[in-house]
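*Asks:* Sharing a structure with you now.
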Amino acid sequence: MPLIDQTAVELLAMLQAGDVTSVELTQAYLDRIEQIDHQVKAFLRVDPNAALERAEEIDRRRKAGKPLGRLAGLPVAIKDLLCTAGEPTTCASKMLENFRPPYDATVVAKLKAADAVLIGKTNMDEFAMGGSNENSAFFPTRNPWDLSRIPGGSSGGAAACVAARMAPLSLGTDTGGSIRCPAGLCGVTGLKPTYGRVSRYGLVAFASSLDQVGPMAQTAEDAALLLEVLAGHDPKDSTSVDLPVPKYSETIRKPLENLRIGLVREHFGEGLDGEVEAAVREAVKVYESLGAKVVELSLPHGKYAVATYYVIAPCEASSNLARYDGVHYGHRTDEKKMAAELEAQRRHWQDASGTRQKHWQAASGTHEELKNQDNALIRMYRRSRAEGFGAEVKRRIMLGTYALSAGYYDAYYKKALQVRRLIRGDFDRAFAEVDLLVGPVTPTPAYKIGEKVDDPLSMYLFDLYTVSTNLAGIGGMSIPCGFSQAGLPIGLHLQAPPFEEERLLRGAFMFQQATDWHARKPGGFYE
Ligand code: GLN
């Protein structure tokens, strides 16, 4: 079997046994990236020299018998909204095109401390807003199973690079489904931990009460290993929780006994593609054959989840993204050009007759702007933000600013928080009855690039099954459970009570022991 097809656990064993060096392994992945990433476009940035240097250093330390970290010598890819000290961290936005953070995100520091080799930064929807990767300011990533289709988002690059064997492991983030949705659509394993399980320090904020970092991998076993490295309390993130981190990579082998599985009635209704439903129902049968009892239940407030999410997430985003003003952070407009344009406008107004001035003002609606014409600072903010942010990010900032404004706050934001509480209550009741909830990750397999770009609402509905996990703050996972007729991967969604990542992983491992969906790899351009 080619080196790059092995799982992370297998590769680590080979590295430890001296069957392969980190330089050889890193080079194999770099070659793979070189060969196929011009088609998949999973990476925004790869620095082969830095990766090889690091691999060499780890090989040297291994040879000298020095103690090494858990991931010693293994390449890992990182979603480009996690800060890497001194290296570009763009969030796939023009706004941060030239941003080099002065520090590492805690998860990045943990990978370095575990002696992983950081192989590159992966593409995403701008500021993680989106579910298709089409909102990247640079280029869309393509689904390795069908290059005309989306890989899902927002961690689309992170999922695609693992699916296409350009990295054995990657870090994604999930605010409303951004790890699970691309994992499902690309046929890899992805885990969104409980809110507070993994530090968010150095994760560029989208919606602070929802964002979490998590592992993406070929198998649950690999995800367990990576989560073990990432999880734990961080004094730099006040929302991270001070609980011991279980030995996920060991406990994962213990099957769940007397497993009770819940199927959410509402998740098998309108909008669910027949092939996805069939694959999910087959997966449930696999669990039954492993001894699980299946219960149907209801999450009555689930029908409000998408609406609630699309109030809360944009509100928090509008506040988080206020910092990008071209002064503190982010792209700054060309001020010389701005001054020249201002001067040309002023001359135009001076030359114009009174009627023309009035007419022009009314037609262009720039009365406010005329008042501010001498306020260069406000002009600069406006232009910088207008140039730096893409359409979807602007849409969210506007939605959020509106919902937070005086007079609307109670009707939208506060109401959304109340519904959020009810959604969490539904889960608490469900988990009194069952151990795991099982269902579809997305309503359909991957759609075509461009198919939904003009219809944001239908894109938002794609998050139907995933957003409530984040609203409730619990953990969720996507594992491969089949393929459509067209050969597109289908994901199975597992959800567990807070801080029960162990249960998710054990449940996923049981399934992967009994099936081989996770071991399939995309063909076509592959060989
Ligand atoms: N697709 C969802 C959105 O657009 C979720 C994104 C995410 O989890 N970062 O907001």
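Residue numbering restarts at 1 for every chain of the structure tokens, chains are lettered A, B, ... in their displayed order, and ligands are numbered from 1 as they appear.
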Find the residues near Val213 in chain A: any atom within 8 Å, counting only C-alpha atoms, skip ones fewer than 6 places away on the same chain, and give them as number ranges by chain.
*Replies:* A: 171-174, 192-193, 198-200, 203
*Asks:* With DSSP run on the backbone, what are the alpha helix (DSSP H) residues within range 227-442 of chain A? I'd like them as an NGL selection string.
*Replies:* :A and (227-230 or 248-251 or 274-289 or 305-320 or 335-351 or 354-364 or 367-371 or 376-388 or 391-404 or 415-433)
*Asks:* For range 260-274 of chain A, please output as a PyMOL selection string all residues within 8 Å (counting only C-alpha atoms; exclusion window: fewer than 5 positions along the same chain).
*Replies:* chain A and resi 292-299+302+430+433-440+443-444+465
*Asks:* Show me which residues sit within 8 Å of ligand 1 when counting only C-alpha atoms and all ligand atoms, and put them as a compact mmCIF listing (two decimals) with N, CA and C atoms, in the first residue's frame.
*Replies:*
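Below you can see pocket-v2.txt, which holds the result:
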```txt
# COMPACT_ATOMS: atom_id res chain seq x y z
N PHE A 127 -13.63 33.66 6.54
CA PHE A 127 -13.94 33.76 7.97
C PHE A 127 -14.85 32.62 8.44
N ALA A 128 -14.80 31.49 7.74
CA ALA A 128 -15.58 30.29 8.10
C ALA A 128 -17.07 30.47 7.87
N MET A 129 -17.45 31.47 7.08
CA MET A 129 -18.87 31.70 6.84
C MET A 129 -19.27 31.05 5.52
N GLY A 130 -19.89 29.89 5.65
CA GLY A 130 -20.33 29.19 4.45
C GLY A 130 -20.20 27.70 4.62
N GLY A 131 -20.76 26.98 3.68
CA GLY A 131 -20.74 25.52 3.78
C GLY A 131 -20.29 24.88 2.49
N SER A 132 -19.59 25.64 1.63
CA SER A 132 -19.25 25.08 0.32
C SER A 132 -17.83 25.39 -0.15
N GLY A 153 -18.16 22.90 3.52
CA GLY A 153 -17.40 23.96 4.18
C GLY A 153 -17.88 24.15 5.61
N SER A 154 -17.23 25.02 6.34
CA SER A 154 -16.19 25.85 5.78
C SER A 154 -14.81 25.19 5.76
N SER A 155 -14.60 24.10 6.50
CA SER A 155 -13.28 23.47 6.51
C SER A 155 -13.11 22.57 5.29
N THR A 173 -12.43 23.75 11.98
CA THR A 173 -13.22 24.39 13.03
C THR A 173 -14.69 24.27 12.64
N ASP A 174 -15.54 24.33 13.66
CA ASP A 174 -16.96 24.05 13.44
C ASP A 174 -17.77 25.03 14.29
N THR A 175 -18.53 25.88 13.61
CA THR A 175 -19.38 26.88 14.26
C THR A 175 -20.85 26.47 14.12
N GLY A 176 -21.13 25.82 12.96
CA GLY A 176 -22.49 25.36 12.71
C GLY A 176 -22.50 24.08 11.89
N GLY A 177 -21.31 23.49 11.73
CA GLY A 177 -21.22 22.26 10.94
C GLY A 177 -19.96 22.18 10.11
N SER A 178 -19.06 23.13 10.29
CA SER A 178 -17.93 23.27 9.37
C SER A 178 -16.87 22.18 9.41
N ILE A 179 -16.90 21.33 10.43
CA ILE A 179 -16.04 20.15 10.39
C ILE A 179 -16.85 18.99 9.82
N PHE A 206 -15.27 33.79 14.71
CA PHE A 206 -16.43 34.02 13.86
C PHE A 206 -17.61 34.27 14.81
N ASP A 211 -17.99 28.61 18.13
CA ASP A 211 -16.77 28.09 17.48
C ASP A 211 -16.08 26.99 18.31
N TYR A 309 -29.75 29.93 14.68
CA TYR A 309 -28.31 30.02 14.35
C TYR A 309 -28.03 31.26 13.49
N TYR A 310 -28.89 31.49 12.49
CA TYR A 310 -28.62 32.60 11.57
C TYR A 310 -29.04 33.96 12.13
N ALA A 313 -25.26 33.60 15.09
CA ALA A 313 -23.93 33.61 14.46
C ALA A 313 -23.64 34.96 13.78
N MET A 459 -28.50 27.61 0.85
CA MET A 459 -27.22 27.21 1.45
C MET A 459 -27.37 27.11 2.97
N TYR A 460 -28.09 28.05 3.56
CA TYR A 460 -28.27 28.03 5.02
C TYR A 460 -29.03 26.76 5.44
N PHE A 462 -28.77 23.94 4.23
CA PHE A 462 -27.87 22.79 4.18
C PHE A 462 -27.35 22.45 5.59
N ASP A 463 -27.44 23.43 6.51
CA ASP A 463 -26.94 23.25 7.88
C ASP A 463 -28.00 22.69 8.84
N VAL A 467 -26.40 22.53 12.87
CA VAL A 467 -26.27 23.74 13.70
C VAL A 467 -26.74 23.56 15.15
```
*Asks:* Would you pick out the contacts of range 133-140 of chain A at 10 Å or less, using only C-alpha atoms, so that residues sharing its chain but fewer than 2 positions from it are not included, and give the list as a PyMOL selection string?
*Replies:* chain A and resi 40-42+44+90-95+97+123-131+142-143+149-157+182+388-393+449-450+452-453
*Asks:* Would you pick out the contacts of Ala77 in chain A at 6 Å or less, using only C-alpha atoms, so that residues sharing its chain but fewer than 3 positions from it are not included, and give the list as an MDAnalysis selection string?
*Replies:* chainID A and resid 118:121 170
*Asks:* Would you kindly return, as a list in words, each protein, DNA or RNA residue with an atom no farther than 9 Å from any atom of range 398-413 of chain A, considering only C-alpha atoms and excluding same-chain residues fewer than 4 positions away?
*Replies:* Thr308, Tyr310, Val311, Ile312, Ala313, Pro314, Cys315, Glu316, Ala317, Ser318, Ser319, Val393, Lys394, Leu417 and Gln418 of chain A
*Asks:* Return the single residue from A:His233, A:Arg382, A:Arg503, A:Lys336 that is closest to Thr106 in chain A, with distances computed using only C-alpha atoms.
*Replies:*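 Of A:His233, A:Arg382, A:Arg503, A:Lys336, the one nearest Thr106 in chain A is A:His233, counting only C-alpha atoms.
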*Asks:* Extract the full set of strand (DSSP E or B) residues from range 78-238 of chain A according to DSSP on the backbone, and format it as a ChimeraX atom specification.
*Replies:* /A:78-79,82,117-122,143,146,149,169-174,189-192,198,203,212-217,231
*Asks:* Could you give me, as a ChimeraX atom specification, the residues within 7 Å of Gly291 in chain A, counting only C-alpha atoms and dropping anything in the same chain fewer than 3 positions from it?
*Replies:* /A:258,287-288
